[in-house]
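Trainee: Input: one structure, supplied below.
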Amino acid sequence: MLPSRFEPALTPPADSPAAPLYFVFRNGELLLQGEPPQLAPLPAQTDGLHYLGQLEDTPCYTAHYPHDDTPEGCQWVGLRASHALIGNELFQIAGRASQILEWDRSHRFCGVCGNPTRIKPGERARECTACGHQVWPRISPAMMVLVRRGKQLLMARGPHFPPGVYSALAGFVEAGESLEQTVHREVREEVGVRIHNLRYFHSQSWPFPHSLMLAFTADYLEGELSPDQYEIEDARWFDIDDLPNWPFKASIAHQLLSHVVAQIRQEEG
């Protein structure tokens with residue numbers, strides 16, 4: 001989620017006592033400079049400059065760097081990796097920045113008639129110059145669920161996961177579904193078991209590239225594990241005293257696992 005000190009906005013202030021922060025991206029990577037790394041100043045040549053809002057008195061902007069080089073004294077860092085370097089607060093704003101740039105990049109032309117679009121004044125929208133069709137930043141809702149069976153947790157890994165990392169089950173909401181229906185369907189499809197006692201945990205904006213993760217916990221009901229071998233290459237029941245590697249700390253998956261493990265330990269006294 002966005003930091004409590006951050007106020008999203010469309011129109012920059014007329015003046016500000018603080019120098020702006022710039023979240024500059026190229027191919028999904030954030031421009032940092034110095035040691036320890038921090039946000040770099042705005043390079044001389046960028047495009048797609050967008051105002052994001054205020055971090056207290058500090059205006060925040062994002063821009064795309066359209067060149068193949070790296071500005072002197074700077075480095076390009078993947079958004080996930082930047083969390084350890086710039087901290088959680090700036091990472092959250094960087095997530096907003098990357099989603100706005102992705103929307104701007106992917107909607108330069110109208111999906112209805114193919115003509116160019118332009119920024120619509122007063123809204124975070126692009127508008128077709130010919131037919132008037134409007135598009136806003138896309139949000140794709142996805143569910144996540146951590147299934148419990150006594151002291152055991154159902155964790156799985158996809159083919160793209162880092163070596164040794166397992167996580168909760170996850171999947172995108174399909175047209176016409178409720179979130180609860182998505183959870184039950186995805187668990188059946190991915191690992192072949194049924195669940196009950198579904199409980200909402202928390203949500204998180206997930207800018208890879210434009211998801212909203214909605215996390216749940218659930219209890220095992222019946223069935224034998226049968227990974228689909230397409231989205232899931234392995235799924236197992238892990239005792240909380242013998243868990244595999246987790247997703248990185250900024251993720252809602254990590255928060256969900258921490259919450260359930262602490263809950264089980266509290267029940268054990």
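Residue names in the structure tokens use chain letters A, B, ... in the order shown, residue numbers from 1 in each chain, and ligand numbers from 1 in the order shown.
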Determine, counting only C-alpha atoms, which protein, DNA and RNA residues have an atom within 12 Å of an atom of A:Ile119; residues of the same chain fewer than 5 positions away are not included. Present the result as a compact mmCIF listing (two decimals) with all heavy atoms, in the first residue's frame.

Mentor:
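And here is the file that came out, out.txt:
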```txt
# COMPACT_ATOMS: atom_id res chain seq x y z
N LEU A 10 -2.94 14.60 -8.99
CA LEU A 10 -2.73 14.75 -10.43
C LEU A 10 -1.98 16.02 -10.80
O LEU A 10 -1.26 16.08 -11.79
CB LEU A 10 -4.08 14.76 -11.16
CG LEU A 10 -4.78 13.42 -11.35
CD1 LEU A 10 -6.19 13.65 -11.88
CD2 LEU A 10 -4.00 12.54 -12.31
N GLY A 48 7.42 11.07 -21.04
CA GLY A 48 6.33 10.56 -20.21
C GLY A 48 6.42 10.99 -18.77
O GLY A 48 6.17 10.19 -17.87
N LEU A 49 6.78 12.24 -18.49
CA LEU A 49 6.87 12.71 -17.10
C LEU A 49 5.47 12.83 -16.50
O LEU A 49 4.58 13.49 -17.05
CB LEU A 49 7.57 14.07 -17.05
CG LEU A 49 7.80 14.65 -15.65
CD1 LEU A 49 8.79 13.80 -14.87
CD2 LEU A 49 8.29 16.10 -15.73
N HIS A 50 5.27 12.18 -15.35
CA HIS A 50 3.97 12.19 -14.67
C HIS A 50 4.16 12.58 -13.21
O HIS A 50 5.07 12.07 -12.53
CB HIS A 50 3.30 10.81 -14.72
CG HIS A 50 2.96 10.35 -16.10
ND1 HIS A 50 1.74 10.62 -16.69
CD2 HIS A 50 3.67 9.64 -17.00
CE1 HIS A 50 1.72 10.08 -17.89
NE2 HIS A 50 2.87 9.50 -18.11
N TRP A 103 0.94 1.87 -17.89
CA TRP A 103 -0.33 2.30 -18.51
C TRP A 103 -0.06 3.30 -19.64
O TRP A 103 -0.63 3.18 -20.73
CB TRP A 103 -1.22 2.92 -17.43
CG TRP A 103 -2.22 3.91 -17.94
CD1 TRP A 103 -3.39 3.63 -18.60
CD2 TRP A 103 -2.13 5.33 -17.86
NE1 TRP A 103 -4.04 4.80 -18.91
CE2 TRP A 103 -3.29 5.86 -18.47
CE3 TRP A 103 -1.20 6.22 -17.31
CZ2 TRP A 103 -3.52 7.23 -18.56
CZ3 TRP A 103 -1.43 7.57 -17.40
CH2 TRP A 103 -2.58 8.07 -18.02
N ASP A 104 0.80 4.27 -19.41
CA ASP A 104 1.10 5.28 -20.41
C ASP A 104 1.74 4.66 -21.65
O ASP A 104 1.40 5.01 -22.79
CB ASP A 104 2.03 6.33 -19.79
CG ASP A 104 2.20 7.55 -20.67
OD1 ASP A 104 1.17 8.10 -21.11
OD2 ASP A 104 3.34 7.95 -20.93
N ARG A 105 2.64 3.70 -21.43
CA ARG A 105 3.34 3.04 -22.54
C ARG A 105 2.40 2.19 -23.38
O ARG A 105 2.48 2.18 -24.62
CB ARG A 105 4.47 2.17 -21.99
CG ARG A 105 5.27 1.43 -23.06
CD ARG A 105 6.06 0.27 -22.47
NE ARG A 105 5.18 -0.79 -22.02
CZ ARG A 105 4.64 -1.70 -22.82
NH1 ARG A 105 4.88 -1.70 -24.12
NH2 ARG A 105 3.85 -2.64 -22.33
N HIS A 107 -0.86 2.29 -23.80
CA HIS A 107 -2.10 2.86 -24.33
C HIS A 107 -1.84 4.11 -25.16
O HIS A 107 -2.62 5.05 -25.16
CB HIS A 107 -3.08 3.17 -23.20
CG HIS A 107 -3.63 1.95 -22.54
ND1 HIS A 107 -3.03 1.37 -21.44
CD2 HIS A 107 -4.71 1.18 -22.84
CE1 HIS A 107 -3.73 0.31 -21.08
NE2 HIS A 107 -4.75 0.17 -21.91
N ARG A 108 -0.74 4.11 -25.89
CA ARG A 108 -0.44 5.24 -26.77
C ARG A 108 -1.39 5.29 -27.97
O ARG A 108 -1.56 6.34 -28.59
CB ARG A 108 1.01 5.17 -27.26
CG ARG A 108 2.05 5.30 -26.14
CD ARG A 108 1.97 6.66 -25.48
NE ARG A 108 2.90 6.80 -24.38
CZ ARG A 108 4.11 7.33 -24.50
NH1 ARG A 108 4.53 7.73 -25.69
NH2 ARG A 108 4.89 7.45 -23.45
N PHE A 109 -2.00 4.14 -28.29
CA PHE A 109 -2.94 4.07 -29.41
C PHE A 109 -4.25 3.45 -28.93
O PHE A 109 -4.27 2.62 -28.03
CB PHE A 109 -2.34 3.26 -30.56
CG PHE A 109 -1.13 3.91 -31.17
CD1 PHE A 109 0.13 3.60 -30.70
CD2 PHE A 109 -1.25 4.84 -32.19
CE1 PHE A 109 1.26 4.20 -31.24
CE2 PHE A 109 -0.13 5.45 -32.73
CZ PHE A 109 1.12 5.14 -32.26
N ARG A 124 -6.44 10.85 -14.57
CA ARG A 124 -5.38 9.90 -14.90
C ARG A 124 -5.94 9.00 -15.99
O ARG A 124 -6.32 7.84 -15.77
CB ARG A 124 -4.99 9.09 -13.67
CG ARG A 124 -3.78 8.19 -13.90
CD ARG A 124 -2.48 8.95 -13.86
NE ARG A 124 -2.16 9.39 -12.49
CZ ARG A 124 -1.22 10.27 -12.18
NH1 ARG A 124 -0.49 10.83 -13.14
NH2 ARG A 124 -0.99 10.61 -10.92
N ALA A 125 -6.04 9.55 -17.19
CA ALA A 125 -6.66 8.84 -18.31
C ALA A 125 -6.00 9.27 -19.61
O ALA A 125 -5.50 10.39 -19.73
CB ALA A 125 -8.16 9.10 -18.36
N ARG A 126 -6.03 8.36 -20.58
CA ARG A 126 -5.65 8.69 -21.95
C ARG A 126 -6.92 8.62 -22.80
O ARG A 126 -7.75 7.73 -22.62
CB ARG A 126 -4.58 7.75 -22.48
CG ARG A 126 -3.23 7.90 -21.78
CD ARG A 126 -2.12 7.17 -22.53
NE ARG A 126 -1.82 7.86 -23.78
CZ ARG A 126 -0.86 8.78 -23.91
NH1 ARG A 126 -0.11 9.13 -22.88
NH2 ARG A 126 -0.65 9.35 -25.09
N GLU A 127 -7.03 9.56 -23.73
CA GLU A 127 -8.24 9.70 -24.53
C GLU A 127 -7.89 9.64 -26.01
O GLU A 127 -6.92 10.28 -26.44
CB GLU A 127 -8.92 11.02 -24.19
CG GLU A 127 -10.23 11.27 -24.89
CD GLU A 127 -10.86 12.57 -24.43
OE1 GLU A 127 -10.11 13.57 -24.28
OE2 GLU A 127 -12.08 12.60 -24.21
N CYS A 128 -8.66 8.88 -26.77
CA CYS A 128 -8.42 8.77 -28.21
C CYS A 128 -8.68 10.11 -28.89
O CYS A 128 -9.69 10.77 -28.64
CB CYS A 128 -9.31 7.69 -28.81
SG CYS A 128 -9.11 7.51 -30.59
N THR A 129 -7.78 10.50 -29.77
CA THR A 129 -7.92 11.77 -30.48
C THR A 129 -8.98 11.71 -31.57
O THR A 129 -9.38 12.76 -32.10
CB THR A 129 -6.58 12.17 -31.11
OG1 THR A 129 -6.12 11.09 -31.95
CG2 THR A 129 -5.54 12.45 -30.04
N GLY A 132 -12.61 9.29 -29.06
CA GLY A 132 -12.88 9.69 -27.68
C GLY A 132 -12.82 8.58 -26.66
O GLY A 132 -13.08 8.80 -25.47
N HIS A 133 -12.49 7.35 -27.07
CA HIS A 133 -12.38 6.24 -26.12
C HIS A 133 -11.34 6.57 -25.04
O HIS A 133 -10.27 7.09 -25.34
CB HIS A 133 -11.98 4.96 -26.86
CG HIS A 133 -11.79 3.78 -25.98
ND1 HIS A 133 -12.81 3.18 -25.28
CD2 HIS A 133 -10.67 3.06 -25.68
CE1 HIS A 133 -12.35 2.16 -24.59
NE2 HIS A 133 -11.06 2.06 -24.82
N GLN A 134 -11.67 6.25 -23.78
CA GLN A 134 -10.79 6.59 -22.66
C GLN A 134 -10.30 5.33 -21.97
O GLN A 134 -11.04 4.35 -21.85
CB GLN A 134 -11.53 7.47 -21.65
CG GLN A 134 -11.97 8.82 -22.24
CD GLN A 134 -12.78 9.62 -21.25
OE1 GLN A 134 -12.60 9.52 -20.04
NE2 GLN A 134 -13.68 10.45 -21.76
N VAL A 135 -9.06 5.38 -21.51
CA VAL A 135 -8.48 4.26 -20.76
C VAL A 135 -7.77 4.79 -19.53
O VAL A 135 -7.06 5.80 -19.59
CB VAL A 135 -7.51 3.43 -21.62
CG1 VAL A 135 -8.25 2.58 -22.62
CG2 VAL A 135 -6.49 4.31 -22.32
N TRP A 136 -7.98 4.10 -18.40
CA TRP A 136 -7.36 4.44 -17.13
C TRP A 136 -6.33 3.36 -16.79
O TRP A 136 -6.33 2.27 -17.39
CB TRP A 136 -8.42 4.53 -16.04
CG TRP A 136 -9.34 5.69 -16.19
CD1 TRP A 136 -9.24 6.91 -15.57
CD2 TRP A 136 -10.51 5.79 -17.02
NE1 TRP A 136 -10.28 7.74 -15.97
CE2 TRP A 136 -11.06 7.08 -16.86
CE3 TRP A 136 -11.15 4.90 -17.89
CZ2 TRP A 136 -12.21 7.50 -17.51
CZ3 TRP A 136 -12.29 5.31 -18.56
CH2 TRP A 136 -12.81 6.60 -18.36
N PRO A 137 -5.44 3.63 -15.83
CA PRO A 137 -4.48 2.59 -15.44
C PRO A 137 -5.18 1.28 -15.09
O PRO A 137 -6.14 1.25 -14.32
CB PRO A 137 -3.78 3.21 -14.22
CG PRO A 137 -3.85 4.67 -14.47
CD PRO A 137 -5.19 4.90 -15.13
```

Trainee: Per residue of stretch 76-150 of chain A within 9 Å of stretch 249-264 of chain A, record the nearest atom pair and its distance in Å to one decimal, counting only C-alpha atoms, with rows in chain order and ascending residue number, as a tab-separated table.

Mentor:
```
residue	atom	partner	partner_atom	distance
A:Arg80	CA	A:Ala250	CA	8.5
A:His83	CA	A:Ala250	CA	7.3
A:Asn88	CA	A:Ala250	CA	7.3
A:Phe91	CA	A:Ala250	CA	8.9
A:Met144	CA	A:Ala253	CA	7.8
A:Val145	CA	A:Leu256	CA	8.6
A:Leu146	CA	A:Leu256	CA	7.4
A:Arg148	CA	A:Val260	CA	8.5
A:Gly150	CA	A:Ile264	CA	8.4
```

Trainee: Measure the distance from atom CA of A:Leu101 to atom CA of A:Thr62 in Å and round it to one decimal.

Mentor: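 Separation of atom CA of A:Leu101 and atom CA of A:Thr62: 7.5 Å.
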
Trainee: Would you mind writing down, as an NGL selection string, each residue of stretch 68-121 of chain A that DSSP on the backbone assigns to strand (DSSP E)?

Mentor: :A and (74-78 or 117-119)

Trainee: So that I have them on file, write out the residues from the current selection with N, CA, C and O atoms, as a tab-separated table (two decimals), in the first residue's frame.

Mentor:
```
chain	number	residue	atom	x	y	z
A	74	CYS	N	25.33	6.36	-12.16
A	74	CYS	CA	24.04	5.73	-11.84
A	74	CYS	C	24.06	4.25	-12.18
A	74	CYS	O	24.99	3.74	-12.80
A	75	GLN	N	23.02	3.57	-11.77
A	75	GLN	CA	22.83	2.16	-12.10
A	75	GLN	C	21.34	1.87	-12.24
A	75	GLN	O	20.50	2.56	-11.66
A	76	TRP	N	21.02	0.85	-13.04
A	76	TRP	CA	19.64	0.40	-13.18
A	76	TRP	C	19.42	-0.81	-12.28
A	76	TRP	O	20.21	-1.75	-12.30
A	77	VAL	N	18.35	-0.76	-11.49
A	77	VAL	CA	18.07	-1.82	-10.52
A	77	VAL	C	16.62	-2.27	-10.70
A	77	VAL	O	15.71	-1.45	-10.82
A	78	GLY	N	16.40	-3.58	-10.74
A	78	GLY	CA	15.06	-4.12	-10.84
A	78	GLY	C	14.19	-3.64	-9.69
A	78	GLY	O	14.69	-3.41	-8.57
A	117	THR	N	-3.63	8.32	-28.85
A	117	THR	CA	-4.33	8.85	-27.68
A	117	THR	C	-3.51	9.99	-27.09
A	117	THR	O	-2.34	10.17	-27.41
A	118	ARG	N	-4.12	10.75	-26.20
A	118	ARG	CA	-3.44	11.84	-25.50
A	118	ARG	C	-3.89	11.83	-24.04
A	118	ARG	O	-4.93	11.26	-23.70
A	119	ILE	N	-3.10	12.45	-23.18
A	119	ILE	CA	-3.47	12.58	-21.78
A	119	ILE	C	-4.72	13.45	-21.66
A	119	ILE	O	-4.79	14.53	-22.26
```

Trainee: According to DSSP computed on the backbone, where in stretch 133-217 of chain A is there helix (DSSP H, G or I)? Give the residues as a PyMOL selection string.

Mentor: chain A and resi 179-191

Trainee: I'd like to know which of A:Arg5, A:His210, A:Lys120, A:Arg149 is closest to A:Glu89, using only C-alpha atoms.

Mentor: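 Among the listed residues, A:Arg5 lies closest to A:Glu89.
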
Trainee: Could you pull the residues within 10 Å of A:Ala18, counting only C-alpha atoms, minus those fewer than 6 positions along the same chain, as a ChimeraX atom specification?

Mentor: /A:55-59

Trainee: Dump N, CA and C atoms for the selected residues as a short mmCIF file (atom, residue, chain, number, x, y, z; two decimals), in the first residue's frame?

Mentor:
```cif
data_model
loop_
_atom_site.label_atom_id
_atom_site.label_comp_id
_atom_site.auth_asym_id
_atom_site.auth_seq_id
_atom_site.Cartn_x
_atom_site.Cartn_y
_atom_site.Cartn_z
N LEU A 55 4.96 13.40 -1.00
CA LEU A 55 5.44 12.70 0.19
C LEU A 55 5.72 13.77 1.23
N GLU A 56 4.70 14.07 2.05
CA GLU A 56 4.69 15.26 2.91
C GLU A 56 4.93 16.49 2.04
N ASP A 57 6.07 17.18 2.17
CA ASP A 57 6.30 18.40 1.39
C ASP A 57 7.05 18.14 0.08
N THR A 58 7.34 16.90 -0.20
CA THR A 58 8.18 16.57 -1.34
C THR A 58 7.35 16.09 -2.52
N PRO A 59 7.35 16.83 -3.64
CA PRO A 59 6.63 16.35 -4.83
C PRO A 59 7.35 15.17 -5.46
#
```

Trainee: For atom CA of A:Ser211 and atom CA of A:Leu153, determine how far apart the two atoms are, in Å to one decimal place.

Mentor: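 Computing it gives 24.5 Å between the two atoms.
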
Trainee: One number please: atom CA of A:Leu225 to atom CA of A:Glu177, in Å, one decimal.

Mentor: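 Computing it gives 24.2 Å between the two atoms.
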
Trainee: So which residues touch A:Ser140 within 9 Å, counting only C-alpha atoms, skipping near sequence neighbours fewer than 2 positions away, as a list in words?

Mentor: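 Once the nearby chain positions are removed, what remains is Arg138, Ala142, Phe172, Val173, His210, Ser211, Leu212 and Met213 of chain A.
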
Trainee: Write to file, as a short mmCIF file (atom, residue, chain, number, x, y, z; two decimals), in the first residue's frame, the residues of the selection just made, with C-alpha atoms.

Mentor:
```cif
data_model
loop_
_atom_site.label_atom_id
_atom_site.label_comp_id
_atom_site.auth_asym_id
_atom_site.auth_seq_id
_atom_site.Cartn_x
_atom_site.Cartn_y
_atom_site.Cartn_z
CA ARG A 138 -5.33 -1.11 -15.50
CA ALA A 142 -5.63 -11.66 -8.10
CA PHE A 172 -6.19 -14.15 -11.27
CA VAL A 173 -9.89 -13.46 -10.91
CA HIS A 210 -0.46 -4.04 -12.51
CA SER A 211 -1.99 -6.48 -10.02
CA LEU A 212 -3.99 -6.05 -6.83
CA MET A 213 -3.33 -9.03 -4.55
#
```

Trainee: Compile the contact shell of stretch 238-240 of chain A as a list in words: residues with an atom at most 7 Å away, counting only C-alpha atoms, same-chain residues fewer than 2 positions apart removed.

Mentor: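 In the requested format, the answer is Lys151, Gln152, Leu153, Leu154, Arg236, Asp242, Leu243 and Val261 of chain A.
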
Trainee: May I ask which of the residues A:Asp241, A:Phe248, A:Gln266, A:Glu190 is the closest one to A:Glu224, counting only C-alpha atoms?

Mentor: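 Among A:Asp241, A:Phe248, A:Gln266, A:Glu190, it is A:Glu190 that comes nearest to A:Glu224.
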
Trainee: Excluding A:Gln33 and residues on its chain fewer than 2 positions from it, collect all residues at most 6 Å away from it, counting only C-alpha atoms, and give them as a ChimeraX atom specification.

Mentor: /A:37-38,40,73-74

Trainee: Write the residues you've just listed into a file as a PDB file, in the first residue's frame, and include all heavy atoms for each of them.

Mentor:
```pdb
ATOM      1  N   PRO A  37      22.887   3.494  -2.479  1.00  0.00           N
ATOM      2  CA  PRO A  37      22.052   3.930  -3.608  1.00  0.00           C
ATOM      3  C   PRO A  37      20.839   4.729  -3.155  1.00  0.00           C
ATOM      4  O   PRO A  37      20.233   4.448  -2.117  1.00  0.00           O
ATOM      5  CB  PRO A  37      21.633   2.604  -4.253  1.00  0.00           C
ATOM      6  CG  PRO A  37      22.659   1.624  -3.825  1.00  0.00           C
ATOM      7  CD  PRO A  37      23.041   2.037  -2.434  1.00  0.00           C
ATOM      8  N   GLN A  38      20.511   5.748  -3.936  1.00  0.00           N
ATOM      9  CA  GLN A  38      19.317   6.546  -3.707  1.00  0.00           C
ATOM     10  C   GLN A  38      18.735   6.945  -5.066  1.00  0.00           C
ATOM     11  O   GLN A  38      19.362   6.728  -6.102  1.00  0.00           O
ATOM     12  CB  GLN A  38      19.662   7.788  -2.892  1.00  0.00           C
ATOM     13  CG  GLN A  38      20.727   8.651  -3.516  1.00  0.00           C
ATOM     14  CD  GLN A  38      21.158   9.779  -2.599  1.00  0.00           C
ATOM     15  OE1 GLN A  38      20.377  10.294  -1.824  1.00  0.00           O
ATOM     16  NE2 GLN A  38      22.428  10.162  -2.681  1.00  0.00           N
ATOM     17  N   ALA A  40      17.951   8.764  -8.320  1.00  0.00           N
ATOM     18  CA  ALA A  40      18.786   9.653  -9.117  1.00  0.00           C
ATOM     19  C   ALA A  40      18.011  10.910  -9.499  1.00  0.00           C
ATOM     20  O   ALA A  40      16.776  10.905  -9.543  1.00  0.00           O
ATOM     21  CB  ALA A  40      19.254   8.925 -10.380  1.00  0.00           C
ATOM     22  N   GLY A  73      27.468   7.781 -13.076  1.00  0.00           N
ATOM     23  CA  GLY A  73      27.341   7.629 -11.633  1.00  0.00           C
ATOM     24  C   GLY A  73      26.075   6.913 -11.196  1.00  0.00           C
ATOM     25  O   GLY A  73      25.778   6.858  -9.994  1.00  0.00           O
ATOM     26  N   CYS A  74      25.328   6.359 -12.158  1.00  0.00           N
ATOM     27  CA  CYS A  74      24.038   5.734 -11.842  1.00  0.00           C
ATOM     28  C   CYS A  74      24.062   4.248 -12.180  1.00  0.00           C
ATOM     29  O   CYS A  74      24.992   3.742 -12.805  1.00  0.00           O
ATOM     30  CB  CYS A  74      22.915   6.422 -12.615  1.00  0.00           C
ATOM     31  SG  CYS A  74      22.668   8.161 -12.169  1.00  0.00           S
TER      32      CYS A  74
END
```

Trainee: Point out the residue among A:Ala215, A:Cys131, A:Ala168, A:Leu198 with the least atom-to-atom distance to A:Ile232, counting only C-alpha atoms.

Mentor: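 Of A:Ala215, A:Cys131, A:Ala168, A:Leu198, the one nearest A:Ile232, counting only C-alpha atoms, is A:Ala168.
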
Trainee: Tell me which of A:His196, A:Arg96, A:His64, A:Arg185 sits closest to A:Tyr220, counting only C-alpha atoms.

Mentor: A:His196

Trainee: Would you list the contacts of A:Asp234 as a list in words, taking every protein, DNA or RNA residue within 10 Å and counting only C-alpha atoms, but skipping same-chain residues closer than 4 positions in sequence?

Mentor: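 Close residues of A:Asp234: Met155, Ala156, Arg157, Gly158, Pro159, Tyr166, Val191, Leu225, Ser226, Pro227, Asp228, Gln229 and Tyr230 of chain A.
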
Trainee: Mind writing the picked residues with all heavy atoms as a short mmCIF file (atom, residue, chain, number, x, y, z; two decimals), in the first residue's frame?

Mentor:
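And here is the file that came out, part39.cif:
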```cif
data_model
loop_
_atom_site.label_atom_id
_atom_site.label_comp_id
_atom_site.auth_asym_id
_atom_site.auth_seq_id
_atom_site.Cartn_x
_atom_site.Cartn_y
_atom_site.Cartn_z
N MET A 155 2.20 -25.16 0.58
CA MET A 155 3.00 -24.22 -0.17
C MET A 155 3.43 -24.85 -1.48
O MET A 155 3.61 -26.06 -1.57
CB MET A 155 4.21 -23.77 0.65
CG MET A 155 3.84 -23.08 1.96
SD MET A 155 5.27 -22.66 2.99
CE MET A 155 6.09 -21.43 1.97
N ALA A 156 3.57 -24.00 -2.49
CA ALA A 156 3.88 -24.50 -3.82
C ALA A 156 4.87 -23.57 -4.50
O ALA A 156 5.12 -22.45 -4.04
CB ALA A 156 2.60 -24.61 -4.66
N ARG A 157 5.43 -24.03 -5.62
CA ARG A 157 6.33 -23.20 -6.40
C ARG A 157 6.02 -23.35 -7.88
O ARG A 157 5.65 -24.44 -8.36
CB ARG A 157 7.80 -23.52 -6.12
CG ARG A 157 8.23 -24.94 -6.37
CD ARG A 157 9.76 -25.11 -6.21
NE ARG A 157 10.46 -24.58 -7.37
CZ ARG A 157 11.20 -23.46 -7.36
NH1 ARG A 157 11.35 -22.76 -6.26
NH2 ARG A 157 11.81 -23.05 -8.47
N GLY A 158 6.15 -22.24 -8.60
CA GLY A 158 5.99 -22.24 -10.04
C GLY A 158 7.34 -22.37 -10.73
O GLY A 158 8.39 -22.18 -10.11
N PRO A 159 7.35 -22.65 -12.01
CA PRO A 159 8.61 -22.82 -12.74
C PRO A 159 9.50 -21.59 -12.74
O PRO A 159 10.72 -21.70 -12.90
CB PRO A 159 8.14 -23.15 -14.17
CG PRO A 159 6.74 -23.64 -14.02
CD PRO A 159 6.17 -22.91 -12.85
N TYR A 166 9.21 -21.37 -2.01
CA TYR A 166 7.82 -21.81 -2.09
C TYR A 166 6.94 -20.69 -1.55
O TYR A 166 7.39 -19.85 -0.76
CB TYR A 166 7.59 -23.07 -1.26
CG TYR A 166 8.10 -24.34 -1.89
CD1 TYR A 166 9.47 -24.58 -1.99
CD2 TYR A 166 7.24 -25.30 -2.38
CE1 TYR A 166 9.96 -25.75 -2.56
CE2 TYR A 166 7.70 -26.49 -2.95
CZ TYR A 166 9.07 -26.70 -3.03
OH TYR A 166 9.54 -27.86 -3.60
N VAL A 191 -3.77 -27.58 -7.38
CA VAL A 191 -3.23 -28.68 -6.56
C VAL A 191 -4.24 -29.78 -6.27
O VAL A 191 -3.91 -30.76 -5.60
CB VAL A 191 -2.64 -28.13 -5.23
CG1 VAL A 191 -1.45 -27.23 -5.51
CG2 VAL A 191 -3.70 -27.39 -4.42
N LEU A 225 -2.91 -34.04 -2.84
CA LEU A 225 -2.18 -33.07 -3.65
C LEU A 225 -1.87 -33.63 -5.03
O LEU A 225 -1.34 -34.74 -5.17
CB LEU A 225 -0.87 -32.67 -2.96
CG LEU A 225 -0.99 -31.79 -1.71
CD1 LEU A 225 0.41 -31.45 -1.19
CD2 LEU A 225 -1.76 -30.52 -2.01
N SER A 226 -2.20 -32.83 -6.04
CA SER A 226 -1.94 -33.21 -7.43
C SER A 226 -1.60 -31.95 -8.22
O SER A 226 -2.47 -31.38 -8.90
CB SER A 226 -3.16 -33.92 -8.02
OG SER A 226 -2.93 -34.26 -9.37
N PRO A 227 -0.34 -31.50 -8.15
CA PRO A 227 0.05 -30.27 -8.86
C PRO A 227 -0.23 -30.38 -10.35
O PRO A 227 -0.05 -31.43 -10.96
CB PRO A 227 1.55 -30.17 -8.59
CG PRO A 227 1.77 -30.96 -7.34
CD PRO A 227 0.77 -32.07 -7.37
N ASP A 228 -0.68 -29.27 -10.95
CA ASP A 228 -1.09 -29.31 -12.35
C ASP A 228 0.09 -29.42 -13.33
O ASP A 228 -0.09 -29.66 -14.52
CB ASP A 228 -1.95 -28.11 -12.70
CG ASP A 228 -1.19 -26.78 -12.72
OD1 ASP A 228 0.03 -26.78 -12.42
OD2 ASP A 228 -1.80 -25.75 -13.02
N GLN A 229 1.33 -29.23 -12.83
CA GLN A 229 2.55 -29.36 -13.63
C GLN A 229 2.67 -28.32 -14.74
O GLN A 229 3.58 -28.39 -15.57
CB GLN A 229 2.68 -30.77 -14.23
CG GLN A 229 2.74 -31.87 -13.19
CD GLN A 229 3.89 -31.72 -12.21
OE1 GLN A 229 5.01 -31.36 -12.60
NE2 GLN A 229 3.65 -31.96 -10.93
N TYR A 230 1.76 -27.35 -14.75
CA TYR A 230 1.85 -26.25 -15.71
C TYR A 230 2.18 -24.96 -14.96
O TYR A 230 3.24 -24.38 -15.15
CB TYR A 230 0.54 -26.13 -16.48
CG TYR A 230 0.50 -24.94 -17.42
CD1 TYR A 230 1.32 -24.89 -18.55
CD2 TYR A 230 -0.35 -23.87 -17.18
CE1 TYR A 230 1.30 -23.80 -19.40
CE2 TYR A 230 -0.38 -22.77 -18.03
CZ TYR A 230 0.44 -22.74 -19.13
OH TYR A 230 0.42 -21.65 -19.97
#
```

Trainee: Which residue is closest to A:Ala44? Choose from A:Phe25, A:Tyr65, A:Phe208, A:Phe201 and count only C-alpha atoms.

Mentor: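 Closest to A:Ala44 of all the choices is A:Tyr65.
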
Trainee: Pick the closest to A:Gly192 from A:Ala175, A:Ala235, A:Pro209, A:Pro163: which is it, counting only C-alpha atoms?

Mentor: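 Of A:Ala175, A:Ala235, A:Pro209, A:Pro163, the one nearest A:Gly192, counting only C-alpha atoms, is A:Ala235.
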